[in-house]
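Enquirer: One structure is given below, represented as structure tokens, and several questions about it will come after.
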Amino acid sequence: QVQLVESGGGLVQPGGSLRLSCAASGSIFSRYAMGWFRQTPGKERGFVAAISRGGSRTDYADSVKGQFTISRDNAKNTVYLQMNGLKPEDTAVYYCAAKRGAIMETPKDGNEYDYWGQGTQVTVSS
């Protein structure tokens with residue numbers, strides 16, 4: 001079992017930045033690929049970014065490439081999502097997820113993930 005707790009969401013003006021954190025507990029963090037997803041009302045949860053177990057490989061949705069950066073600190077059992085140049089369309093609930101898998105995996109399909117956090121709200125508005 002893995003427990004995931006997101007933090008760092010909030011209200012930010014367009015063009016601003018936020019860093020989301022997701023703290024994991026309950027298992028060996030480095031055995032899990034980690035992902036970030038987001039969801040707005042009435043829409044399915046969508047892939048944002050993923051990072052491999054050791055952090056050497058990352059993958060991003062086209063809509064956030066060059067804008068968001070995913071990273072992890074296995075010593076702190078935490079994955080991060082640095083979000084820069086935020087736009088109103090980035091407003092969503094952001095979820096982190098964990099998948100027990102191969103070393104270089106960066107899954108984009110939410111159905112592949114085993115554990116999910118409760119989500120943190122990000123609102124981009126002036």
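Just so we're on the same page: first chain in the structure tokens is A, next is B, and so on; residues restart at 1 for each chain, and ligands are numbered from 1 in the order they show up.
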Got a sec: who's within 9 Å of Ile51 of chain A, counting only C-alpha atoms, leaving out chain neighbours fewer than 6 positions off, as a PyMOL selection string?
Expert: chain A and resi 33-35+57-59+70-72+79+104-107
Enquirer: Can those selected residues be exported to a file as a CSV table (one decimal), in the first residue's frame so that it contains N, CA, C and O atoms?
Expert:
chain,number,residue,atom,x,y,z
A,33,ALA,N,7.0,4.3,-10.5
A,33,ALA,CA,6.9,5.5,-11.4
A,33,ALA,C,5.8,6.4,-10.8
A,33,ALA,O,4.9,5.9,-10.2
A,34,MET,N,6.0,7.7,-11.0
A,34,MET,CA,5.1,8.6,-10.5
A,34,MET,C,4.5,9.5,-11.6
A,34,MET,O,5.2,9.8,-12.6
A,35,GLY,N,3.3,9.9,-11.5
A,35,GLY,CA,2.6,10.7,-12.5
A,35,GLY,C,1.8,11.8,-11.9
A,35,GLY,O,1.4,11.7,-10.7
A,57,ARG,N,14.1,9.6,-16.5
A,57,ARG,CA,13.3,9.8,-17.6
A,57,ARG,C,12.0,10.5,-17.2
A,57,ARG,O,11.4,10.2,-16.2
A,58,THR,N,11.6,11.4,-18.1
A,58,THR,CA,10.3,12.2,-17.8
A,58,THR,C,9.5,12.2,-19.1
A,58,THR,O,10.1,12.1,-20.2
A,59,ASP,N,8.2,12.4,-19.0
A,59,ASP,CA,7.3,12.6,-20.1
A,59,ASP,C,6.3,13.6,-19.8
A,59,ASP,O,5.8,13.7,-18.6
A,70,ILE,N,8.5,18.0,-14.0
A,70,ILE,CA,8.3,17.0,-12.9
A,70,ILE,C,9.7,16.6,-12.4
A,70,ILE,O,10.6,16.5,-13.2
A,71,SER,N,9.8,16.4,-11.1
A,71,SER,CA,11.0,15.9,-10.5
A,71,SER,C,10.7,15.1,-9.3
A,71,SER,O,9.5,15.1,-8.9
A,72,ARG,N,11.7,14.4,-8.8
A,72,ARG,CA,11.4,13.6,-7.6
A,72,ARG,C,12.7,13.6,-6.7
A,72,ARG,O,13.8,13.7,-7.2
A,79,VAL,N,7.5,13.6,-4.9
A,79,VAL,CA,7.5,14.0,-6.3
A,79,VAL,C,6.9,15.4,-6.4
A,79,VAL,O,6.1,15.8,-5.6
A,104,MET,N,12.4,2.3,-16.2
A,104,MET,CA,12.3,3.4,-17.1
A,104,MET,C,10.9,3.8,-17.5
A,104,MET,O,10.7,4.6,-18.4
A,105,GLU,N,9.9,3.2,-16.9
A,105,GLU,CA,8.6,3.5,-17.3
A,105,GLU,C,8.1,4.9,-16.9
A,105,GLU,O,8.4,5.4,-15.8
A,106,THR,N,7.3,5.5,-17.8
A,106,THR,CA,6.7,6.8,-17.5
A,106,THR,C,5.3,6.7,-18.1
A,106,THR,O,4.9,7.3,-19.1
A,107,PRO,N,4.4,6.0,-17.4
A,107,PRO,CA,3.0,5.7,-18.0
A,107,PRO,C,2.2,7.0,-18.1
A,107,PRO,O,2.2,7.9,-17.3
Enquirer: May I have the residues within 10 Å of Gln3 of chain A as a compact mmCIF listing (two decimals) with N, CA and C atoms, in the first residue's frame, using only C-alpha atoms and disregarding those fewer than 5 positions away in the same chain?
Expert:
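Full text of part-v6.txt as output:
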# COMPACT_ATOMS: atom_id res chain seq x y z
N CYS A 22 3.99 15.98 -3.74
CA CYS A 22 3.24 14.77 -3.43
C CYS A 22 4.13 13.88 -2.57
N ALA A 23 3.76 13.77 -1.31
CA ALA A 23 4.53 12.97 -0.37
C ALA A 23 3.97 11.55 -0.30
N ALA A 24 4.85 10.58 -0.41
CA ALA A 24 4.44 9.18 -0.41
C ALA A 24 4.89 8.50 0.88
N SER A 25 4.10 7.53 1.30
CA SER A 25 4.46 6.73 2.46
C SER A 25 3.88 5.34 2.31
N GLY A 26 4.42 4.41 3.05
CA GLY A 26 3.85 3.07 3.09
C GLY A 26 4.58 2.03 2.29
N SER A 27 5.51 2.45 1.44
CA SER A 27 6.24 1.46 0.65
C SER A 27 7.55 2.09 0.19
N ALA A 97 -0.04 10.16 -8.75
CA ALA A 97 -0.32 8.73 -8.81
C ALA A 97 0.98 7.95 -8.84
N ALA A 98 0.90 6.70 -8.37
CA ALA A 98 2.08 5.84 -8.29
C ALA A 98 1.80 4.52 -8.98
N TYR A 115 -2.02 3.64 -7.30
CA TYR A 115 -2.41 4.45 -6.14
C TYR A 115 -2.56 5.92 -6.56
N TRP A 116 -3.50 6.58 -5.88
CA TRP A 116 -3.80 7.98 -6.17
C TRP A 116 -3.89 8.79 -4.90
N GLY A 117 -3.50 10.07 -5.02
CA GLY A 117 -3.72 11.00 -3.93
C GLY A 117 -5.13 11.57 -3.99
N GLN A 118 -5.42 12.44 -3.05
CA GLN A 118 -6.77 13.01 -2.95
C GLN A 118 -6.96 14.23 -3.83
Enquirer: With only C-alpha atoms as the counted atoms, please give the residues lying no more than 8 Å from segment 84-93 of chain A, apart from itself and same-chain residues fewer than 2 positions off, as a list in words.
Expert: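 Here the answer would be Val12, Gln13, Pro14, Gly15, Gly16, Ser17, Leu18, Arg38, Gln39, Thr40, Gln67, Phe68, Gln82, Tyr95, Gly119, Thr120, Gln121, Val122, Thr123, Val124 and Ser125 of chain A.
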Enquirer: Keeping only all heavy atoms, write those residues as a compact mmCIF listing (two decimals), in the first residue's frame.
Expert:
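File result.txt, as written:
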# COMPACT_ATOMS: atom_id res chain seq x y z
N VAL A 12 -3.58 31.48 -8.06
CA VAL A 12 -2.44 32.21 -8.61
C VAL A 12 -2.91 33.01 -9.81
O VAL A 12 -3.84 32.60 -10.52
CB VAL A 12 -1.31 31.23 -8.98
CG1 VAL A 12 -1.74 30.26 -10.07
CG2 VAL A 12 -0.04 31.96 -9.37
N GLN A 13 -2.27 34.14 -10.04
CA GLN A 13 -2.62 34.96 -11.19
C GLN A 13 -2.03 34.38 -12.47
O GLN A 13 -1.00 33.68 -12.42
CB GLN A 13 -2.12 36.39 -10.98
CG GLN A 13 -2.83 37.14 -9.87
CD GLN A 13 -2.42 38.60 -9.81
OE1 GLN A 13 -1.40 39.00 -10.35
NE2 GLN A 13 -3.23 39.41 -9.14
N PRO A 14 -2.63 34.67 -13.60
CA PRO A 14 -2.06 34.23 -14.88
C PRO A 14 -0.60 34.69 -15.00
O PRO A 14 -0.27 35.82 -14.66
CB PRO A 14 -2.95 34.90 -15.92
CG PRO A 14 -4.26 35.05 -15.22
CD PRO A 14 -3.92 35.37 -13.79
N GLY A 15 0.24 33.78 -15.49
CA GLY A 15 1.66 34.04 -15.59
C GLY A 15 2.45 33.66 -14.37
O GLY A 15 3.70 33.64 -14.40
N GLY A 16 1.77 33.34 -13.29
CA GLY A 16 2.44 32.98 -12.05
C GLY A 16 2.92 31.54 -12.03
O GLY A 16 2.77 30.79 -13.00
N SER A 17 3.50 31.17 -10.91
CA SER A 17 4.06 29.83 -10.74
C SER A 17 3.57 29.19 -9.45
O SER A 17 3.25 29.89 -8.48
CB SER A 17 5.60 29.90 -10.69
OG SER A 17 6.13 30.40 -11.89
N LEU A 18 3.53 27.88 -9.47
CA LEU A 18 3.25 27.09 -8.28
C LEU A 18 4.11 25.84 -8.35
O LEU A 18 4.42 25.35 -9.44
CB LEU A 18 1.78 26.67 -8.21
CG LEU A 18 0.73 27.67 -7.73
CD1 LEU A 18 -0.66 27.03 -7.86
CD2 LEU A 18 0.99 28.11 -6.31
N ARG A 38 -4.61 15.80 -14.09
CA ARG A 38 -5.49 16.89 -13.68
C ARG A 38 -6.89 16.66 -14.23
O ARG A 38 -7.07 15.99 -15.25
CB ARG A 38 -4.94 18.24 -14.12
CG ARG A 38 -4.84 18.45 -15.61
CD ARG A 38 -4.13 19.78 -15.90
NE ARG A 38 -4.00 20.04 -17.33
CZ ARG A 38 -3.34 21.07 -17.83
NH1 ARG A 38 -2.75 21.96 -17.02
NH2 ARG A 38 -3.26 21.24 -19.14
N GLN A 39 -7.85 17.26 -13.53
CA GLN A 39 -9.25 17.08 -13.91
C GLN A 39 -10.02 18.35 -13.63
O GLN A 39 -9.86 18.98 -12.58
CB GLN A 39 -9.86 15.91 -13.13
CG GLN A 39 -11.25 15.53 -13.56
CD GLN A 39 -11.75 14.26 -12.90
OE1 GLN A 39 -11.30 13.89 -11.82
NE2 GLN A 39 -12.67 13.57 -13.55
N THR A 40 -10.86 18.71 -14.60
CA THR A 40 -11.80 19.82 -14.44
C THR A 40 -13.21 19.26 -14.46
O THR A 40 -13.44 18.17 -14.99
CB THR A 40 -11.61 20.86 -15.55
OG1 THR A 40 -11.73 20.20 -16.82
CG2 THR A 40 -10.25 21.52 -15.47
N GLN A 67 6.58 24.17 -20.00
CA GLN A 67 5.90 25.00 -19.00
C GLN A 67 5.98 24.36 -17.62
O GLN A 67 6.15 25.04 -16.60
CB GLN A 67 4.45 25.21 -19.42
CG GLN A 67 3.64 26.08 -18.50
CD GLN A 67 2.15 26.08 -18.84
OE1 GLN A 67 1.70 25.39 -19.77
NE2 GLN A 67 1.36 26.81 -18.09
N PHE A 68 5.79 23.04 -17.57
CA PHE A 68 5.80 22.30 -16.32
C PHE A 68 7.05 21.42 -16.27
O PHE A 68 7.53 20.95 -17.30
CB PHE A 68 4.58 21.39 -16.20
CG PHE A 68 3.26 22.11 -16.02
CD1 PHE A 68 3.15 23.48 -16.03
CD2 PHE A 68 2.10 21.37 -15.83
CE1 PHE A 68 1.94 24.12 -15.87
CE2 PHE A 68 0.87 21.98 -15.66
CZ PHE A 68 0.79 23.36 -15.68
N GLN A 82 6.64 21.46 -10.88
CA GLN A 82 6.86 22.89 -10.98
C GLN A 82 6.08 23.42 -12.16
O GLN A 82 6.28 22.97 -13.29
CB GLN A 82 8.35 23.19 -11.16
CG GLN A 82 8.67 24.67 -11.31
CD GLN A 82 8.38 25.47 -10.06
OE1 GLN A 82 8.70 25.05 -8.95
NE2 GLN A 82 7.77 26.64 -10.23
N TYR A 95 -3.79 15.66 -9.40
CA TYR A 95 -3.61 14.42 -8.65
C TYR A 95 -2.24 13.82 -8.95
O TYR A 95 -1.79 13.83 -10.09
CB TYR A 95 -4.66 13.38 -9.07
CG TYR A 95 -6.08 13.76 -8.81
CD1 TYR A 95 -6.81 14.47 -9.77
CD2 TYR A 95 -6.72 13.42 -7.62
CE1 TYR A 95 -8.13 14.82 -9.54
CE2 TYR A 95 -8.04 13.75 -7.39
CZ TYR A 95 -8.74 14.46 -8.35
OH TYR A 95 -10.05 14.80 -8.12
N GLY A 119 -5.87 14.78 -4.33
CA GLY A 119 -5.94 15.92 -5.23
C GLY A 119 -5.73 17.24 -4.52
O GLY A 119 -6.00 17.38 -3.33
N THR A 120 -5.25 18.21 -5.29
CA THR A 120 -5.09 19.57 -4.78
C THR A 120 -5.57 20.54 -5.86
O THR A 120 -5.27 20.38 -7.04
CB THR A 120 -3.62 19.85 -4.38
OG1 THR A 120 -3.53 21.14 -3.78
CG2 THR A 120 -2.67 19.78 -5.57
N GLN A 121 -6.32 21.53 -5.44
CA GLN A 121 -6.94 22.47 -6.39
C GLN A 121 -5.93 23.55 -6.80
O GLN A 121 -5.28 24.16 -5.94
CB GLN A 121 -8.15 23.13 -5.76
CG GLN A 121 -8.81 24.20 -6.63
CD GLN A 121 -9.53 23.62 -7.83
OE1 GLN A 121 -10.26 22.63 -7.72
NE2 GLN A 121 -9.32 24.21 -9.01
N VAL A 122 -5.85 23.76 -8.09
CA VAL A 122 -5.07 24.87 -8.64
C VAL A 122 -6.03 25.76 -9.42
O VAL A 122 -6.73 25.28 -10.32
CB VAL A 122 -3.95 24.36 -9.56
CG1 VAL A 122 -3.28 25.53 -10.29
CG2 VAL A 122 -2.92 23.58 -8.76
N THR A 123 -6.08 27.03 -9.06
CA THR A 123 -6.95 27.99 -9.73
C THR A 123 -6.10 29.13 -10.25
O THR A 123 -5.36 29.76 -9.49
CB THR A 123 -8.02 28.51 -8.78
OG1 THR A 123 -8.79 27.42 -8.26
CG2 THR A 123 -8.94 29.48 -9.50
N VAL A 124 -6.19 29.35 -11.55
CA VAL A 124 -5.44 30.43 -12.19
C VAL A 124 -6.44 31.49 -12.62
O VAL A 124 -7.24 31.27 -13.54
CB VAL A 124 -4.63 29.92 -13.39
CG1 VAL A 124 -3.77 31.05 -13.96
CG2 VAL A 124 -3.78 28.73 -12.99
N SER A 125 -6.40 32.61 -11.96
CA SER A 125 -7.38 33.66 -12.22
C SER A 125 -6.85 35.00 -11.73
O SER A 125 -6.10 35.07 -10.75
CB SER A 125 -8.69 33.33 -11.49
OG SER A 125 -9.63 34.38 -11.64
Enquirer: Using only C-alpha atoms, which of A:Val2, A:Val64, A:Cys96, A:Leu81 sits nearest Ser30 of chain A?
Expert: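 That would be A:Val2, the residue with the smallest distance to Ser30 of chain A.
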Enquirer: Which residues in chain A does DSSP call helix (DSSP H, G or I)? List them as number ranges by chain.
Expert: A: 29-31, 62-64, 88-90, 110-112
Enquirer: Would you write out those residues with all heavy atoms, as a short mmCIF file (atom, residue, chain, number, x, y, z; two decimals), in the first residue's frame?
Expert:
data_model
loop_
_atom_site.label_atom_id
_atom_site.label_comp_id
_atom_site.auth_asym_id
_atom_site.auth_seq_id
_atom_site.Cartn_x
_atom_site.Cartn_y
_atom_site.Cartn_z
N PHE A 29 9.51 4.01 -2.07
CA PHE A 29 9.14 5.00 -3.07
C PHE A 29 9.83 4.77 -4.40
O PHE A 29 9.24 4.94 -5.47
CB PHE A 29 9.46 6.39 -2.52
CG PHE A 29 9.04 7.53 -3.39
CD1 PHE A 29 7.71 7.75 -3.69
CD2 PHE A 29 9.98 8.41 -3.90
CE1 PHE A 29 7.31 8.82 -4.48
CE2 PHE A 29 9.60 9.48 -4.69
CZ PHE A 29 8.27 9.68 -4.98
N SER A 30 11.10 4.39 -4.36
CA SER A 30 11.88 4.25 -5.58
C SER A 30 11.43 3.07 -6.46
O SER A 30 11.93 2.91 -7.57
CB SER A 30 13.36 4.09 -5.25
OG SER A 30 13.56 2.94 -4.45
N ARG A 31 10.50 2.29 -5.99
CA ARG A 31 9.97 1.19 -6.80
C ARG A 31 8.83 1.64 -7.70
O ARG A 31 8.31 0.86 -8.51
CB ARG A 31 9.45 0.07 -5.90
CG ARG A 31 10.55 -0.69 -5.17
CD ARG A 31 9.98 -1.77 -4.31
NE ARG A 31 11.02 -2.57 -3.65
CZ ARG A 31 10.78 -3.51 -2.76
NH1 ARG A 31 9.54 -3.81 -2.42
NH2 ARG A 31 11.78 -4.18 -2.22
N ASP A 62 1.60 17.27 -24.29
CA ASP A 62 2.02 18.32 -25.22
C ASP A 62 1.62 19.70 -24.71
O ASP A 62 2.34 20.68 -24.92
CB ASP A 62 1.40 18.08 -26.59
CG ASP A 62 2.04 16.91 -27.31
OD1 ASP A 62 3.14 16.48 -26.93
OD2 ASP A 62 1.41 16.41 -28.27
N SER A 63 0.50 19.78 -24.02
CA SER A 63 -0.03 21.07 -23.58
C SER A 63 0.82 21.72 -22.49
O SER A 63 0.66 22.92 -22.24
CB SER A 63 -1.46 20.90 -23.08
OG SER A 63 -1.51 19.96 -22.01
N VAL A 64 1.69 20.96 -21.84
CA VAL A 64 2.49 21.53 -20.74
C VAL A 64 3.99 21.46 -20.99
O VAL A 64 4.77 21.90 -20.14
CB VAL A 64 2.15 20.85 -19.39
CG1 VAL A 64 0.65 20.93 -19.11
CG2 VAL A 64 2.64 19.41 -19.34
N PRO A 88 -5.22 30.41 -17.30
CA PRO A 88 -6.54 30.01 -16.75
C PRO A 88 -6.92 28.59 -17.12
O PRO A 88 -7.57 27.90 -16.31
CB PRO A 88 -7.48 31.04 -17.38
CG PRO A 88 -6.62 32.25 -17.56
CD PRO A 88 -5.27 31.72 -17.95
N GLU A 89 -6.52 28.12 -18.28
CA GLU A 89 -6.87 26.75 -18.68
C GLU A 89 -6.10 25.68 -17.91
O GLU A 89 -6.39 24.48 -18.05
CB GLU A 89 -6.66 26.55 -20.19
CG GLU A 89 -5.30 26.97 -20.69
CD GLU A 89 -5.30 28.36 -21.29
OE1 GLU A 89 -5.95 29.27 -20.70
OE2 GLU A 89 -4.63 28.55 -22.33
N ASP A 90 -5.14 26.08 -17.09
CA ASP A 90 -4.47 25.13 -16.22
C ASP A 90 -5.24 24.90 -14.92
O ASP A 90 -4.86 24.06 -14.10
CB ASP A 90 -3.06 25.61 -15.88
CG ASP A 90 -2.15 25.67 -17.08
OD1 ASP A 90 -2.17 24.72 -17.89
OD2 ASP A 90 -1.43 26.68 -17.23
N GLY A 110 -3.80 6.72 -17.07
CA GLY A 110 -4.14 6.67 -15.66
C GLY A 110 -4.57 5.31 -15.17
O GLY A 110 -4.41 4.98 -13.99
N ASN A 111 -5.10 4.49 -16.07
CA ASN A 111 -5.55 3.15 -15.69
C ASN A 111 -4.39 2.25 -15.27
O ASN A 111 -4.60 1.20 -14.65
CB ASN A 111 -6.31 2.50 -16.83
CG ASN A 111 -7.63 3.19 -17.10
OD1 ASN A 111 -8.32 3.60 -16.16
ND2 ASN A 111 -7.98 3.32 -18.35
N GLU A 112 -3.17 2.63 -15.63
CA GLU A 112 -2.01 1.82 -15.28
C GLU A 112 -1.55 2.06 -13.84
O GLU A 112 -0.78 1.29 -13.30
CB GLU A 112 -0.85 2.11 -16.22
CG GLU A 112 -1.10 1.72 -17.67
CD GLU A 112 0.16 1.85 -18.51
OE1 GLU A 112 1.22 1.36 -18.08
OE2 GLU A 112 0.08 2.46 -19.58
#
Enquirer: Hey, what's within 8 Å of Lys108 of chain A if we count only C-alpha atoms and toss same-chain stuff fewer than 3 positions away? As number ranges by chain, please?
Expert: A: 35, 47, 49-50
Enquirer: Extract the full set of strand (DSSP E or B) residues from chain A according to DSSP on the backbone, and format it as a ChimeraX atom specification.
Expert: /A:3-7,10-12,18-25,32-39,46-51,58-60,68-73,78-83,92-100,115-116,120-124
Enquirer: Tell me which of A:Tyr80, A:Tyr32, A:Phe37, A:Tyr113 sits closest to Leu20 of chain A, counting only C-alpha atoms.
Expert: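 Once distances to Leu20 of chain A are computed over only C-alpha atoms, the minimum belongs to A:Tyr80.
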